[in-house]
Every structure is written in C-alpha cells, then in structure tokens.
>>> print(open('work_18.txt').read())   # compact mmCIF, C-alpha atoms and all ligand atoms
# COMPACT_ATOMS: atom_id res chain seq x y z
CA MET A 1 -19.84 11.34 -2.07
CA PRO A 2 -17.08 12.50 -4.48
CA LEU A 3 -13.44 11.41 -4.16
CA VAL A 4 -11.97 12.80 -0.94
CA THR A 5 -8.48 13.63 0.32
CA THR A 6 -7.00 11.63 3.19
CA THR A 7 -7.07 14.52 5.69
CA GLU A 8 -10.28 13.61 7.49
CA MET A 9 -9.64 9.86 7.15
CA PHE A 10 -6.25 10.16 8.82
CA LYS A 11 -7.50 12.35 11.65
CA LYS A 12 -10.21 9.81 12.48
CA ALA A 13 -7.79 6.90 12.09
CA TYR A 14 -5.19 8.51 14.37
CA ASP A 15 -7.75 9.28 17.06
CA GLY A 16 -9.51 5.94 16.65
CA GLY A 17 -6.41 3.70 16.77
CA TYR A 18 -6.84 2.11 13.37
CA ALA A 19 -5.32 2.47 9.89
CA VAL A 20 -6.83 2.98 6.45
CA GLY A 21 -5.90 0.39 3.83
CA ALA A 22 -4.18 1.64 0.69
CA PHE A 23 -4.55 -1.00 -2.01
CA ASN A 24 -2.92 -0.85 -5.44
CA VAL A 25 -5.18 -1.02 -8.47
CA ASN A 26 -4.26 -2.06 -12.01
CA ASN A 27 -7.47 -3.27 -13.63
CA MET A 28 -11.24 -3.47 -13.26
CA GLU A 29 -11.40 -6.73 -11.31
CA ILE A 30 -8.95 -5.45 -8.71
CA VAL A 31 -10.89 -2.19 -8.29
CA GLN A 32 -14.14 -4.13 -7.96
CA GLY A 33 -12.82 -6.73 -5.51
CA ILE A 34 -11.38 -4.05 -3.21
CA THR A 35 -14.31 -1.67 -3.32
CA GLU A 36 -16.95 -4.38 -2.85
CA ALA A 37 -15.14 -5.39 0.34
CA ALA A 38 -14.87 -1.79 1.61
CA ARG A 39 -18.49 -1.04 0.78
CA GLU A 40 -19.72 -4.15 2.60
CA GLN A 41 -17.50 -3.42 5.61
CA HIS A 42 -18.30 0.30 5.58
CA ALA A 43 -14.60 1.13 5.62
CA PRO A 44 -12.74 4.26 4.43
CA LEU A 45 -10.52 3.41 1.50
CA ILE A 46 -7.46 4.55 -0.43
CA LEU A 47 -7.06 3.25 -3.97
CA GLN A 48 -3.53 3.82 -5.17
CA VAL A 49 -1.96 3.83 -8.59
CA SER A 50 1.75 3.40 -9.25
CA LYS A 51 3.80 4.64 -12.20
CA GLY A 52 3.76 1.03 -13.41
CA ALA A 53 -0.03 0.89 -13.15
CA ARG A 54 -0.36 4.06 -15.23
CA ALA A 55 1.98 2.57 -17.83
CA TYR A 56 0.02 -0.69 -17.88
CA ALA A 57 -3.58 0.47 -17.79
CA ASN A 58 -3.43 4.16 -18.78
CA HIS A 59 -4.17 7.07 -16.42
CA THR A 60 -7.63 7.78 -17.84
CA TYR A 61 -8.84 4.18 -17.61
CA LEU A 62 -7.74 3.95 -13.99
CA VAL A 63 -9.33 7.26 -13.01
CA LYS A 64 -12.59 6.30 -14.72
CA LEU A 65 -12.61 2.87 -13.04
CA VAL A 66 -12.15 4.56 -9.67
CA GLU A 67 -14.87 7.10 -10.49
CA ALA A 68 -17.17 4.18 -11.30
CA ALA A 69 -16.36 2.65 -7.92
CA VAL A 70 -17.18 5.96 -6.23
CA ILE A 71 -20.61 5.90 -7.87
CA GLU A 72 -21.15 2.29 -6.79
CA CYS A 73 -20.03 3.01 -3.21
CA PRO A 74 -21.76 6.28 -2.29
CA ASP A 75 -21.54 5.72 1.47
CA ILE A 76 -17.79 5.33 1.97
CA PRO A 77 -15.00 7.89 1.55
CA ILE A 78 -12.53 6.92 -1.18
CA ALA A 79 -9.24 8.70 -1.95
CA LEU A 80 -7.31 8.25 -5.19
CA HIS A 81 -3.58 8.31 -4.51
CA LEU A 82 -0.40 8.25 -6.60
CA ASP A 83 1.91 5.59 -5.15
CA HIS A 84 5.67 6.25 -5.31
CA GLY A 85 5.53 9.34 -7.51
CA PRO A 86 9.06 9.45 -8.92
CA ASP A 87 9.25 13.13 -9.92
CA PHE A 88 7.44 16.48 -9.96
CA GLU A 89 6.00 15.93 -13.46
CA THR A 90 4.29 12.64 -12.55
CA CYS A 91 2.82 14.20 -9.41
CA LYS A 92 1.62 17.23 -11.38
CA SER A 93 0.02 15.03 -14.01
CA CYS A 94 -1.92 13.13 -11.32
CA ILE A 95 -2.88 16.32 -9.45
CA ASP A 96 -4.14 17.85 -12.72
CA GLY A 97 -5.77 14.55 -13.67
CA GLY A 98 -8.15 14.01 -10.76
CA PHE A 99 -6.11 12.40 -7.97
CA THR A 100 -6.82 13.64 -4.44
CA SER A 101 -3.49 12.56 -2.95
CA VAL A 102 0.03 12.02 -4.27
CA MET A 103 3.21 10.53 -2.91
CA ILE A 104 6.51 12.07 -3.91
CA ASP A 105 9.12 9.41 -3.27
CA ALA A 106 12.44 11.22 -3.09
CA SER A 107 13.67 8.94 -0.32
CA SER A 108 16.66 7.75 -2.35
CA LYS A 109 17.93 11.34 -2.70
CA PRO A 110 20.10 13.17 -0.17
CA PHE A 111 18.12 14.78 2.69
CA ALA A 112 18.27 18.35 1.32
CA GLU A 113 17.19 17.23 -2.17
CA ASN A 114 14.35 15.16 -0.71
CA ILE A 115 13.18 18.27 1.15
CA ALA A 116 13.44 20.54 -1.90
CA LEU A 117 11.56 18.22 -4.27
CA THR A 118 8.91 17.33 -1.69
CA ARG A 119 8.40 21.05 -0.93
CA ARG A 120 7.89 21.78 -4.64
CA VAL A 121 5.25 19.05 -4.95
CA VAL A 122 3.53 20.17 -1.73
CA GLU A 123 3.22 23.76 -2.98
CA TYR A 124 1.64 22.68 -6.26
CA ALA A 125 -0.57 20.03 -4.62
CA HIS A 126 -1.88 22.29 -1.85
CA ASP A 127 -2.69 25.01 -4.38
CA HIS A 128 -4.94 22.41 -6.04
CA GLY A 129 -6.53 20.95 -2.91
CA VAL A 130 -4.46 17.75 -3.04
CA VAL A 131 -2.51 16.23 -0.12
CA VAL A 132 1.04 14.86 -0.21
CA GLU A 133 2.75 11.82 1.30
CA ALA A 134 6.55 11.93 1.49
CA GLU A 135 9.14 9.36 2.54
CA LEU A 136 12.20 9.37 4.78
CA GLY A 137 14.37 6.27 4.95
CA SER A 138 14.13 3.58 2.32
CA LEU A 139 12.64 0.11 2.10
CA ALA A 140 14.26 -2.84 0.39
CA GLY A 141 12.36 -4.65 -2.33
CA VAL A 142 11.82 -5.06 -6.04
CA GLU A 143 8.81 -4.25 -8.20
CA ASP A 144 8.33 -2.87 -11.67
CA GLU A 145 9.37 0.64 -10.79
CA VAL A 146 10.73 0.29 -7.26
CA ASN A 147 14.05 -1.46 -6.88
CA VAL A 148 16.11 -1.01 -3.74
CA SER A 149 18.67 -3.59 -2.67
CA ALA A 150 18.83 -4.64 0.97
CA GLU A 151 22.23 -2.92 1.27
CA ASP A 152 20.79 0.37 0.04
CA SER A 153 17.76 0.29 2.32
CA SER A 154 17.96 2.19 5.60
CA TYR A 155 15.75 2.80 8.60
CA THR A 156 14.25 6.25 9.06
CA ARG A 157 16.34 8.43 11.37
CA PRO A 158 13.91 9.89 13.93
CA GLU A 159 16.13 12.91 14.52
CA GLU A 160 15.41 14.07 10.94
CA VAL A 161 11.61 13.94 10.94
CA GLU A 162 10.70 17.27 12.56
CA GLU A 163 12.92 19.28 10.23
CA PHE A 164 11.68 17.30 7.23
CA VAL A 165 7.99 17.75 7.99
CA SER A 166 8.25 21.42 8.93
CA LYS A 167 10.38 22.33 5.89
CA THR A 168 8.31 20.37 3.36
CA GLY A 169 4.78 20.88 4.69
CA CYS A 170 3.93 17.27 3.73
CA ASP A 171 0.64 15.85 5.03
CA SER A 172 1.83 12.35 5.94
CA LEU A 173 5.16 10.58 6.20
CA ALA A 174 6.17 7.10 5.08
CA ILE A 175 8.91 5.67 7.28
CA ALA A 176 11.17 2.63 7.08
CA ILE A 177 10.98 0.42 10.18
CA GLY A 178 11.70 -2.96 8.61
CA THR A 179 8.89 -3.53 6.12
CA SER A 180 9.86 -4.25 2.54
CA HIS A 181 8.21 -4.37 -0.89
CA GLY A 182 7.23 -7.51 -2.77
CA ALA A 183 6.65 -11.17 -1.85
CA TYR A 184 10.24 -11.91 -0.81
CA LYS A 185 10.73 -9.41 1.95
CA PHE A 186 13.60 -11.10 3.73
CA THR A 187 16.32 -13.54 2.83
CA ALA A 188 16.44 -16.86 4.64
CA ALA A 189 19.59 -15.61 6.38
CA GLN A 190 17.64 -12.71 7.94
CA CYS A 191 14.94 -15.06 9.32
CA THR A 192 14.50 -17.99 11.62
CA ARG A 193 12.24 -20.95 10.69
CA ASN A 194 9.19 -22.23 12.57
CA GLU A 195 8.33 -25.91 13.12
CA GLN A 196 6.70 -26.11 9.68
CA GLY A 197 9.88 -24.81 8.06
CA VAL A 198 8.25 -21.46 7.20
CA LEU A 199 10.47 -18.39 7.48
CA VAL A 200 9.86 -16.08 10.47
CA PRO A 201 11.10 -12.54 9.74
CA PRO A 202 12.83 -10.15 12.14
CA PRO A 203 10.37 -7.95 14.07
CA LEU A 204 9.51 -4.40 12.98
CA ARG A 205 11.41 -1.57 14.70
CA PHE A 206 8.62 -0.25 16.93
CA ASP A 207 11.23 1.75 18.85
CA ILE A 208 11.77 3.90 15.71
CA LEU A 209 8.02 4.28 15.15
CA GLU A 210 7.51 5.36 18.75
CA GLU A 211 10.35 7.90 18.62
CA VAL A 212 9.03 9.34 15.33
CA SER A 213 5.54 9.68 16.87
CA ARG A 214 6.93 11.32 19.98
CA ARG A 215 8.61 13.91 17.78
CA LEU A 216 5.55 14.38 15.53
CA PRO A 217 2.54 14.14 17.84
CA GLY A 218 -0.73 13.69 15.95
CA PHE A 219 1.03 13.38 12.59
CA PRO A 220 -0.09 10.51 10.29
CA ILE A 221 2.56 7.89 9.55
CA VAL A 222 2.47 5.54 6.55
CA LEU A 223 3.80 2.01 6.22
CA HIS A 224 4.74 0.70 2.79
CA GLY A 225 5.65 -2.89 2.05
CA SER A 226 3.01 -4.24 4.41
CA SER A 227 1.87 -7.41 2.72
CA SER A 228 1.91 -10.47 4.93
CA VAL A 229 2.36 -12.98 2.10
CA PRO A 230 -0.27 -15.46 3.37
CA GLN A 231 1.21 -18.94 3.16
CA GLU A 232 -2.14 -20.38 2.04
CA TYR A 233 -1.79 -18.41 -1.21
CA VAL A 234 1.86 -19.31 -1.62
CA ARG A 235 0.85 -22.98 -1.23
CA MET A 236 -2.04 -22.53 -3.68
CA ILE A 237 0.36 -21.07 -6.25
CA ASN A 238 3.01 -23.72 -5.69
CA ALA A 239 0.46 -26.55 -5.78
CA ASN A 240 -0.77 -25.41 -9.18
CA GLY A 241 2.36 -25.01 -11.23
CA GLY A 242 3.90 -21.94 -9.58
CA ARG A 243 7.28 -21.64 -7.99
CA MET A 244 7.58 -19.22 -5.07
CA PRO A 245 9.95 -20.78 -2.56
CA ASP A 246 10.51 -18.91 0.69
CA ALA A 247 8.11 -16.07 -0.06
CA VAL A 248 7.68 -14.25 3.25
CA GLY A 249 5.89 -11.14 4.54
CA ILE A 250 5.20 -9.04 7.62
CA PRO A 251 3.24 -10.86 10.35
CA GLU A 252 -0.27 -9.45 10.57
CA GLU A 253 -0.22 -8.96 14.34
CA GLN A 254 2.68 -6.51 13.97
CA LEU A 255 0.72 -4.49 11.41
CA ARG A 256 -2.30 -4.56 13.72
CA LYS A 257 -0.14 -3.13 16.49
CA ALA A 258 1.23 -0.40 14.18
CA ALA A 259 -2.35 0.53 13.23
CA THR A 260 -3.23 1.16 16.87
CA LEU A 261 -0.28 3.58 17.11
CA SER A 262 0.42 6.53 14.77
CA VAL A 263 0.29 4.53 11.52
CA CYS A 264 -2.79 5.77 9.63
CA LYS A 265 -2.14 4.28 6.17
CA ILE A 266 -0.94 0.75 5.42
CA ASN A 267 0.02 -0.16 1.85
CA ILE A 268 -0.88 -3.60 0.56
CA ASP A 269 -0.32 -4.78 -2.99
CA SER A 270 1.56 -8.09 -3.10
CA ASP A 271 -1.06 -9.95 -1.05
CA LEU A 272 -3.71 -9.06 -3.63
CA ARG A 273 -1.43 -10.24 -6.42
CA LEU A 274 -0.94 -13.54 -4.60
CA ALA A 275 -4.68 -13.95 -4.00
CA MET A 276 -5.46 -13.29 -7.65
CA THR A 277 -2.66 -15.44 -9.03
CA GLY A 278 -3.39 -18.36 -6.69
CA SER A 279 -7.01 -18.32 -7.68
CA ILE A 280 -6.29 -18.18 -11.42
CA ARG A 281 -3.66 -20.93 -11.24
CA GLN A 282 -6.04 -23.16 -9.33
CA TYR A 283 -8.86 -22.44 -11.76
CA PHE A 284 -6.75 -23.35 -14.77
CA ALA A 285 -5.51 -26.53 -13.09
CA GLU A 286 -9.11 -27.57 -12.38
CA HIS A 287 -10.56 -26.44 -15.72
CA PRO A 288 -7.92 -26.95 -18.41
CA ASP A 289 -10.58 -26.68 -21.13
CA HIS A 290 -11.90 -23.22 -20.12
CA PHE A 291 -10.81 -20.14 -22.00
CA ASP A 292 -13.39 -17.43 -21.18
CA PRO A 293 -11.60 -14.81 -19.03
CA ARG A 294 -14.84 -14.12 -17.17
CA GLN A 295 -14.74 -17.67 -15.83
CA TYR A 296 -11.34 -17.43 -14.17
CA LEU A 297 -11.53 -13.73 -13.31
CA THR A 298 -14.76 -14.23 -11.34
CA PRO A 299 -13.14 -16.32 -8.57
CA ALA A 300 -10.01 -14.16 -8.80
CA ARG A 301 -12.08 -11.05 -8.07
CA ALA A 302 -13.89 -12.87 -5.25
CA ASN A 303 -10.53 -13.82 -3.76
CA ILE A 304 -9.39 -10.19 -3.84
CA LYS A 305 -12.59 -9.24 -2.05
CA ALA A 306 -12.01 -11.97 0.55
CA ILE A 307 -8.45 -10.93 1.38
CA VAL A 308 -9.35 -7.23 1.52
CA THR A 309 -12.28 -8.02 3.84
CA HIS A 310 -9.89 -9.88 6.12
CA LYS A 311 -7.41 -6.97 6.10
CA LEU A 312 -10.09 -4.37 6.86
CA ILE A 313 -11.47 -6.32 9.82
CA ASP A 314 -8.49 -8.16 11.32
CA VAL A 315 -5.41 -6.12 10.39
CA LEU A 316 -6.33 -2.48 9.78
CA GLY A 317 -9.26 -2.30 12.20
CA CYS A 318 -11.10 0.13 9.91
CA ALA A 319 -14.29 -1.86 9.28
CA GLY A 320 -17.32 0.21 10.26
CA LYS A 321 -15.26 3.44 10.37
CA ALA A 322 -16.49 5.05 7.11
O1 LIG B 1 5.30 -0.39 -3.96
C1 LIG B 1 4.94 -0.50 -5.11
C2 LIG B 1 3.65 -1.15 -5.47
O2 LIG B 1 3.56 -2.47 -5.00
C3 LIG B 1 3.42 -1.01 -6.93
O3 LIG B 1 4.22 -1.88 -7.65
O4 LIG B 1 5.44 -0.55 -9.35
O5 LIG B 1 4.90 -2.99 -9.71
O6 LIG B 1 3.09 -1.27 -9.81
P1 LIG B 1 4.43 -1.65 -9.23
P1 LIG B 2 3.70 -4.84 -0.60
O1 LIG B 2 4.60 -5.25 -1.73
O2 LIG B 2 4.18 -5.35 0.70
O3 LIG B 2 2.28 -5.20 -0.85
O4 LIG B 2 3.76 -3.23 -0.48
C1 LIG B 2 3.00 -2.42 -1.33
C2 LIG B 2 3.39 -1.01 -1.25
O5 LIG B 2 4.09 -0.56 -0.38
C3 LIG B 2 2.86 -0.11 -2.28
O6 LIG B 2 3.39 1.17 -2.18
ZN ZN B 3 5.39 1.22 -1.45
>>> encode(input="work_18.txt", output="structure tokens")
Amino acid sequence: MPLVTTTEMFKKAYDGGYAVGAFNVNNMEIVQGITEAAREQHAPLILQVSKGARAYANHTYLVKLVEAAVIECPDIPIALHLDHGPDFETCKSCIDGGFTSVMIDASSKPFAENIALTRRVVEYAHDHGVVVEAELGSLAGVEDEVNVSAEDSSYTRPEEVEEFVSKTGCDSLAIAIGTSHGAYKFTAAQCTRNEQGVLVPPPLRFDILEEVSRRLPGFPIVLHGSSSVPQEYVRMINANGGRMPDAVGIPEEQLRKAATLSVCKINIDSDLRLAMTGSIRQYFAEHPDHFDPRQYLTPARANIKAIVTHKLIDVLGCAGKA
C-alpha cells in the first residue's frame, strides 16, 4: 500500500487501547532496522524526520529511503511525518515533498500565536490531504534543533485544549505531562535512586492526561520524549569507551499505561541512538582491526530492529494491529 496518513491508524489505536510508534529516521540502516521490525510484527508505523535529519541526510534521500521501505513492507501502513516542524515554510516543503503528516511545533510561542500558526499549517495541509500534529505545553530537553531548559518547560494546561483544537483544526495534539527529550531526561535532584544506584524519575502526570482526554473525547494525543534509556545500552556504551553517567528515561510501564489511554502516538528516538551507538562501540572494542562500515553497521541495524521489536510488543502494544 502507498504511504498513508495517521487518521485511520489513530482511530484504531484509540479504540484498541494501544499506541503507534513514531521512530526518527536519519539514514538507511535506521529505516531498515525499524521497518524490518514493524513488518515482522505486522505493526502500523510512523517514520518521522526532524529538521536536523533533513539537514543531515537531505529531504529527497529520506523520502526515497522511506518509499523503498514502503515497497519492501507492502502489508503494513506507514506514515511519513515531519517531527517538530519549526515554521510554516518547513511544513509546506514537507507537504509538497511527499510527507503524509506534519507537526507544527509552535509550543514555545504565546497561546494566540501558536493557534494562528497551527491554523495556517492546518489549512494548507488539509488542502493537500496531509494531517497535522500540534503541541501545547513544552518539554524540557536538548537535541540538535530542540533545546528547552527545564525552567522553560511547562505542563500542558487542560483548560486550554478545547479552544486550541477547535480553533486550529489540528488532527492530533502533543502534550507535556513530564516526558522530556534526549538521554538525560531528569537531573539527579529530580529523581530518587534504586538499590543499584540507578536514577528513578518522577512519575508522569496522568492526572493531566486524563483531564485532557475528558475534555477531548476520542481525540488522539501524542507523547514526545518517550525513550526509556535502557540501562543495558548505557552500560554497553560506558563499558566500551563511552561516558554517559546518569542517563535516565521514562519507565516503560508508564508508557504502556499511556498507550492504553488516549495516547495514540509515542515518539522514540534516543533509545534507537543508544542501541546503535552501544552496538558500534562494542563492535569496535572487539574488532579494533575492522574498518568496513558494513561490518559494524550490520549488528547496529540488528540492534535497532531488536529494540523496535521490543517497543512494538511490550510498550506500544501495536504488534499485530496493521
Ligand atoms: O525530538 C527530536 C528528535 O529526537 C529529533 O532530534 O533534532 O536531533 O534530529 P534531532
Ligand atoms: P526521545 O528523545 O525521548 O527519544 O524523544 C524523541 C521525540 O520526542 C522525537 O520527537
Ligand atoms: Zn519530540
């Protein structure tokens, strides 16, 4: 089947009590690792591309890689989504360039400006058969193109969501309930420590999620910053020359719970980066004489497939739902 929008996926996910995984793609091995897992698990899939990914790999290369995956996976629905679209022009370029879904991230702007910009993107997108994710509230975290300090982050205010959705016409809404971007989601001061000395983060604000859902019945909610930062990968990195002290993520059982509620899309990027990096570091440590990229990218791709398989089955609950 050709690339699809997320409309049907989200309806089925909402009714079925699961979430669709949205995984960031930056190169061929990442696309292959993710899509091989989704094909094998017969899971619906969102492949998402950030501004940084477009700058790194080039829009056309990424679209063509995703189109190749669509050909290789004829039995599962795949959407191609712009992650954190920063402005109207970037959204327009992706809508014109083959994406089936875009996010306009105006969450750092005042409420009225967020509404106005989101509305403009929605009008253009809907005219072209493309769906739009918007965001209210802001997550902390640092990546290439997303940089919000903990002080500037804020939970979504449930009392704003009805007005926002009705005035913008957006198709899904990302909310801030305590998730955060990157591999260092919380400072040690925000956490407690378990017996092994590993940081335990504060719980997600399910009260906010529930109030948002009560105000927007049937409406698909999105969670960004949903990597769990598996400690096995942090250890693998640290044991092979890396240095990632106190990397910490969102516990998987909390994401599983969110997926059974109104959360229909869960964004995961950092965990794939950790899986790939851990694998490559370990490979180099074990084979210091190797220099063929195919040698170290083969286990790296397999590791991406393994972590995505785990997410589809155990966290998102979307295996077998294609
Ligand atoms: O939330 C952002 C994604 O993890 C993409 O990160 O901007 O470094 O590509 P990036
Ligand atoms: P993580 O950094 O937790 O993987 O979040 C990714 C994300 O939200 C992409 O938009
Ligand atoms: Zn995000």
>>> residues_near_ligand(input="work_18.txt", ligand="ligand LIG 1 (chain B)", cutoff="12 Å", atoms="only C-alpha atoms and all ligand atoms", output="count of residues only")
56
>>> closest_residue(input="work_18.txt", among="A:Pro251, A:Gly278, A:Gly169, A:Gly197", to="Tyr233 (chain A)", atoms="only C-alpha atoms")
A:Gly278
>>> closest_residue(input="work_18.txt", among="A:Pro293, A:Pro299, A:Pro158, A:Gly241", to="Glu211 (chain A)", atoms="all atoms listed in the file")
A:Pro158
>>> closest_atom_pairs(input="work_18.txt", of="region 124-231 of chain A", to="region 106-120 of chain A", cutoff="8 Å", atoms="all atoms listed in the file", output="CSV")
residue,atom,partner,partner_atom,distance
A:Tyr124,CA,A:Arg120,CA,6.5
A:Ala134,CA,A:Thr118,CA,6.7
A:Glu135,CA,A:Ser107,CA,5.4
A:Leu136,CA,A:Ser107,CA,5.3
A:Gly137,CA,A:Ser107,CA,5.9
A:Ser138,CA,A:Ser107,CA,6.0
A:Phe164,CA,A:Ile115,CA,6.3
A:Lys167,CA,A:Ile115,CA,6.8
A:Thr168,CA,A:Arg119,CA,4.3
A:Gly169,CA,A:Arg119,CA,6.7
A:Cys170,CA,A:Thr118,CA,7.4
>>> atom_distance(input="work_18.txt", atom1="CA of Ile104 (chain A)", atom2="CA of Val122 (chain A)")
8.9 Å
